[in-house]
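**Q** Structure in structure tokens, see below.
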Amino acid sequence: MILIIGYGNSLRRDDGAGLILAQMVEAALRERELEVERIAVHQLTPDLALSVATDGVAAVVFVDTRVAAAEEGEMDLQIQWLGSDECSQSLGHHVGPAVVLTYARLLYDKTPPAWLLTAPGVDFDHGEGLSEAAQRALDTLPALLVRLLSDWPFSVG
Amino acid sequence: MAQTIHIEPVTRIEGHAKITVQLDDAGQVSDAKFHVVEFRGFEKFCVGRTFPEMPGITMRICGICPVSHMLASAKACDAIQGTRVPVTAQKLRRLINHAQYTQSHALSFFHLSAPDLILGMESDPANRNVIGLILANPELGRKAIRLRQFGQDIIRMVTGKSIHPSWATPGGVREPLLPSQADEIRARLPEAFDTTEIALNWMKDNYSSFDREVETYGDFPSLFIGLVTPDGGLEHYDGLLRVMDADGRIIEKGLANDRWTEIIAEAVEPWSYLKFPYYKPLGYGNGNGSVPGLYRVGPIARLNICDYAGTPRAERELRNFRRLGKGGKPVTSSFHHHYARLIEILFSLERIDELVNDPTIFDTHIRSQGGVNELRGVGIMEAPRGTLFHEYHVDETGILTGVNLLVATGNNNLAMNKTITQIAKAYMSGAKITEGLCNRVEHGIRLYDPCLSCSTHAVGKMPLHIQVMDAEGLVVDEKVRS
């Protein structure tokens with residue numbers, strides 16, 4: 001089973017792009033008859049390690065928004081492999097995906113392969129809906145998935 | 001030469017903030033300021049919406065305490081409707097509120113503060129984090145995770161979601177509790193009690209090693225404000241506003257919620273977006289830094305102002321907690337927030353136990369219907385980190401014309417500034433920033449478990465950046481934690 005964890009705040013414009021992108025990834029993977037479970041959270045917290053460590057989780061995809069600079073040509077979806085050996089100094093209400101994986105490894109001896117998929121965000125003001133730039137990036141997901149799924153589960157970039 | 005030391009941002013707390021420490025000409029700490037540099041625009045964002053939307057909107061302010069915002073908002077909407085919330089709906093609201101206390105306080109104690117407490121304030125920052133704690137005691141790490149998950153699972157079970165549970169609604173709640181859900185909660189309570197007792201025993205066994213922190217981490221006289229039951233009991237969901245002074249005298253016995261603006265006013269300062277609320281009858285002072293109306297909210301305030309806890313285990317711990325006050329006076333050190341949080345987890349678990357064993361909890365009459373009957377509605381809750389005020393003004397069609405949210409972190413703003421000043425004065429010598437000083441100042445803020453942005457996770461991820469600047473603005477010392 002592929003566990004998708006989308007996170008963000010849908011009332012802060014592009015901060016919610018990760019939540020929308022996670023839904024799109026779920027739908028795309030289900031279309032390919034893959035077993036998928038999706039979790040939507042406002043922000044990552046340590047107890048998500050239990051979900052990551054659940055029996056049957058073959059891979060984890062964290063889906064987030066990253067702060068992007070449109071003028072620097074960063075307005076695409078990006079995917080990166082995540083290790084479970086990071087030890088963030090910013091632990092707390094803000095927990096990064098690598099820290100969740102580290103919890104899963106240290107507490108439950110589970111190290112499923114994991115990736116971080118990010119949508120670009122340029123507008124984090126109060127409000128609903130995405131900026132045009134973020135929406136355009138999300139529209140490229142089908143092409144990205146075709147490329148990535150050809151090398152299941154994901155290419156390591 | 002006067003100098004200013006900047007610590008920016010503060011790690012392990014919500015949002016975007018920095019700390020400056022002001023040195024006088026003799027090189028001694030004269031003041032410290034906690035700056036919140038993220039603007040909160042939620043009130044303005046809400047104006048123009050219909051009031052029944054508010055529980056669903058405001059719970060999206062915060063990923064850690066959405067239940068508090070949802071319930072405070074629902075109570076404000078109840079007041080606009082003028083309806084009486086069915087008894088079972090009130091019990092269900094209390095159930096998820098106690099679940100939130102469990103998960104939120106567990107996060108604060110085990111994941112944010114325990115590394116400092118157990119591994120040491122001066123220990124190597126490379127190891128002084130929750131990973132280091134796990135390596136030191138993996139079984140406690142697993143228990144801590146499960147305790148927080150227990151609270152989250154109750155919220156998810158009852159509301160259908162663990163975040164953004166648009167379940168409380170004006171006049172009640174949307175879904176009842178099922179007996180099978182109560183069975184699951186009952187089955188998991190023993191381990192939750194066990195984990196809390198382990199932490200309580202650890203805290204009490206090790207108190208003597210924190211004597212200096214108790215004296216220097218926000219130990220000062222202040223007012224204490226919070227809700228109590230009509231007869232003075234510990235209360236988290238509903239009740240009357242009580243104010244206690246530093247000597248333990250009750251100066252407001254039980255003020256009705258809709259009169260809160262008679263006793264609380266809000267000042268602003270040019271160096272922070274966070275409000276500076278104060279107790280209006282004693283005033284804000286003359287701007288020289290001493291605020292007569294300074295008050296604290298949150299765990300120690302709640303345990304100070306109540307006459308009794310009302311559950312057996314929490315009652316025993318409350319009596320023990322009261323011994324920490326000097327000469328029979330209120331407990332004044334903010335360091336005791338850790339112990340107070342654990343007592344409140346115990347209290348919440350006992351209340352959860354009572355609620356899931358109450359046969360009326362399964363009743364299905366859980367919502368009253370109503371329209372706009374009042375043009376002003378106030379909802380006050382005790383969020384885990386302190387008293388939370390929602391006040392709404394609507395027109396006759398229910399459109400919001402004014403919204404005021406006074407969050408717990410705002411209520412503690414003056415106290416946080418006073419706390420970091422006290423810590424800096426106690427632990428800083430010269431203009432050099434040490435890791436130990438950074439840790440202690442951060443811990444001083446973290447005692448209040450603040451939510452600053454309560455909004456977006458995309459901020460606040462930068463490494464810790466500390467600067468020492470002289471009177472001319474030149475950087476004379478700098479430290480970056482990556």
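In the structure tokens, chains take letters A, B, ... by order of appearance, with residues numbered from 1 within each chain and ligands from 1 in the order shown.
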Excluding same-chain residues fewer than 5 positions from Glu132 (chain A), what lies within 12 Å of it counting only C-alpha atoms, as a VMD selection string?
**A** chain A and resid 13 to 14 17 70 75 120 to 123 137 to 139
**Q** Using N, CA and C atoms, can you write the selected residues to a file as a short mmCIF file (atom, residue, chain, number, x, y, z; two decimals), in the first residue's frame?
**A**
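Saved file part.cif follows:
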```
data_model
loop_
_atom_site.label_atom_id
_atom_site.label_comp_id
_atom_site.auth_asym_id
_atom_site.auth_seq_id
_atom_site.Cartn_x
_atom_site.Cartn_y
_atom_site.Cartn_z
N ARG A 13 -4.10 30.20 0.92
CA ARG A 13 -3.81 30.16 -0.52
C ARG A 13 -2.92 28.97 -0.91
N ASP A 14 -1.74 29.24 -1.44
CA ASP A 14 -0.91 28.16 -1.98
C ASP A 14 -0.42 27.19 -0.92
N ALA A 17 -1.82 23.91 -1.49
CA ALA A 17 -1.57 23.20 -2.76
C ALA A 17 -1.19 21.75 -2.53
N ALA A 70 9.01 32.59 -8.53
CA ALA A 70 8.59 32.41 -9.92
C ALA A 70 9.66 32.87 -10.90
N MET A 75 8.93 26.99 -10.95
CA MET A 75 7.50 26.77 -10.90
C MET A 75 7.08 25.42 -11.48
N PRO A 120 4.84 24.25 -6.13
CA PRO A 120 5.39 25.58 -5.85
C PRO A 120 4.31 26.50 -5.29
N GLY A 121 4.70 27.33 -4.34
CA GLY A 121 3.77 28.30 -3.77
C GLY A 121 4.37 29.69 -3.81
N VAL A 122 3.54 30.66 -4.19
CA VAL A 122 4.03 32.05 -4.22
C VAL A 122 3.15 32.98 -3.40
N ASP A 123 1.94 32.53 -3.08
CA ASP A 123 0.99 33.39 -2.37
C ASP A 123 0.52 32.66 -1.12
N ALA A 137 1.21 24.63 -12.19
CA ALA A 137 2.14 23.55 -11.85
C ALA A 137 1.38 22.25 -11.57
N LEU A 138 0.25 22.37 -10.86
CA LEU A 138 -0.54 21.17 -10.57
C LEU A 138 -1.06 20.52 -11.85
N ASP A 139 -1.32 21.33 -12.84
CA ASP A 139 -1.85 20.79 -14.10
C ASP A 139 -0.84 19.89 -14.81
#
```
**Q** Determine, counting only C-alpha atoms, which protein, DNA and RNA residues have an atom within 8 Å of an atom of Glu26 (chain A); residues of the same chain fewer than 5 positions away are not included. Present the result as a ChimeraX atom specification.
**A** /A:4,36-38
**Q** For CA of Val95 (chain A) and CA of Gln43 (chain A), quote the distance in Å rounded to one decimal.
**A** 7.6 Å
**Q** CA of Met244 (chain B) and CA of Ile343 (chain B) are how many Å apart?
**A**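 Computed distance, CA of Met244 (chain B) to CA of Ile343 (chain B), equals 20.1 Å.
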**Q** Nearest residue to Arg147 (chain A) out of A:Arg30, A:Ile79, A:Thr65, A:Val41, using only C-alpha atoms?
**A**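 That would be A:Ile79, the residue with the smallest distance to Arg147 (chain A).
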**Q** According to DSSP computed on the backbone, where in region 113-358 of chain B is there helix (DSSP H, G or I)? Give the residues as a ChimeraX atom specification.
**A** /B:113-119,130-136,138-159,179-205,207-216,257-262,280-282,299-305,312-322,326-328,334-356
**Q** Could you jot down the CA of Thr409 (chain B) to CA of Phe276 (chain B) separation for me, Å, one decimal place?
**A**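 About the pair CA of Thr409 (chain B) and CA of Phe276 (chain B): they are 9.8 Å apart.
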**Q** Got a sec: who's within 12 Å of Ala27 (chain A), counting only C-alpha atoms, leaving out chain neighbours fewer than 3 positions off, as JSON, numbers by chain?
**A** {"A": [4, 20, 21, 22, 23, 24, 30, 31, 32, 33, 34, 35, 36, 37, 38, 141, 142, 145]}
**Q** Pull out every residue of chain A that has at least one atom within 10 Å of chain B, counting only C-alpha atoms, and report them as a PyMOL selection string.
**A** chain A and resi 7-16+39-50+64-67+86-96+99+102-104+106-108+121+124-127
**Q** Write down as a list in words the residues of region 3-41 of chain A whose backbone DSSP state falls under strand (DSSP E or B).
**A**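 Result set for region 3-41 of chain A (strand (DSSP E or B)): Leu3, Ile4, Ile5, Gly6, Tyr7, Arg12, Val36, Glu37, Arg38, Ile39, Ala40 and Val41 of chain A.
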**Q** For the residues selected in the previous step, produce a file with N, CA and C atoms as an mmCIF file, in the first residue's frame.
**A**
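Written out: selection-v2.cif:
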```
data_model
loop_
_atom_site.group_PDB
_atom_site.id
_atom_site.type_symbol
_atom_site.label_atom_id
_atom_site.label_comp_id
_atom_site.auth_asym_id
_atom_site.auth_seq_id
_atom_site.Cartn_x
_atom_site.Cartn_y
_atom_site.Cartn_z
ATOM 1 N N LEU A 3 1.206 5.006 1.025
ATOM 2 C CA LEU A 3 0.630 5.983 1.947
ATOM 3 C C LEU A 3 0.973 7.382 1.448
ATOM 4 N N ILE A 4 -0.069 8.176 1.238
ATOM 5 C CA ILE A 4 0.119 9.566 0.806
ATOM 6 C C ILE A 4 -0.241 10.471 1.979
ATOM 7 N N ILE A 5 0.658 11.337 2.360
ATOM 8 C CA ILE A 5 0.391 12.280 3.443
ATOM 9 C C ILE A 5 0.479 13.689 2.872
ATOM 10 N N GLY A 6 -0.670 14.311 2.667
ATOM 11 C CA GLY A 6 -0.714 15.680 2.169
ATOM 12 C C GLY A 6 -0.897 16.638 3.337
ATOM 13 N N TYR A 7 -0.198 17.756 3.295
ATOM 14 C CA TYR A 7 -0.328 18.685 4.418
ATOM 15 C C TYR A 7 -0.244 20.131 3.966
ATOM 16 N N ARG A 12 -4.727 29.426 3.534
ATOM 17 C CA ARG A 12 -3.580 30.299 3.256
ATOM 18 C C ARG A 12 -3.112 30.076 1.824
ATOM 19 N N VAL A 36 -3.888 2.449 -2.292
ATOM 20 C CA VAL A 36 -3.451 3.756 -1.804
ATOM 21 C C VAL A 36 -4.245 4.132 -0.567
ATOM 22 N N GLU A 37 -3.587 4.800 0.363
ATOM 23 C CA GLU A 37 -4.305 5.435 1.469
ATOM 24 C C GLU A 37 -3.779 6.861 1.587
ATOM 25 N N ARG A 38 -4.701 7.798 1.782
ATOM 26 C CA ARG A 38 -4.281 9.208 1.867
ATOM 27 C C ARG A 38 -4.679 9.796 3.214
ATOM 28 N N ILE A 39 -3.764 10.523 3.796
ATOM 29 C CA ILE A 39 -4.019 11.251 5.037
ATOM 30 C C ILE A 39 -3.841 12.733 4.729
ATOM 31 N N ALA A 40 -4.790 13.561 5.185
ATOM 32 C CA ALA A 40 -4.670 15.019 5.021
ATOM 33 C C ALA A 40 -4.519 15.644 6.389
ATOM 34 N N VAL A 41 -3.472 16.396 6.576
ATOM 35 C CA VAL A 41 -3.243 17.054 7.865
ATOM 36 C C VAL A 41 -2.827 18.501 7.644
#
```
**Q** Which residues, written as a ChimeraX atom specification, have at least one atom at most 10 Å from Asp55 (chain A), with only C-alpha atoms counted and residues fewer than 4 positions away on the same chain left out?
**A** /A:1,50-51,110
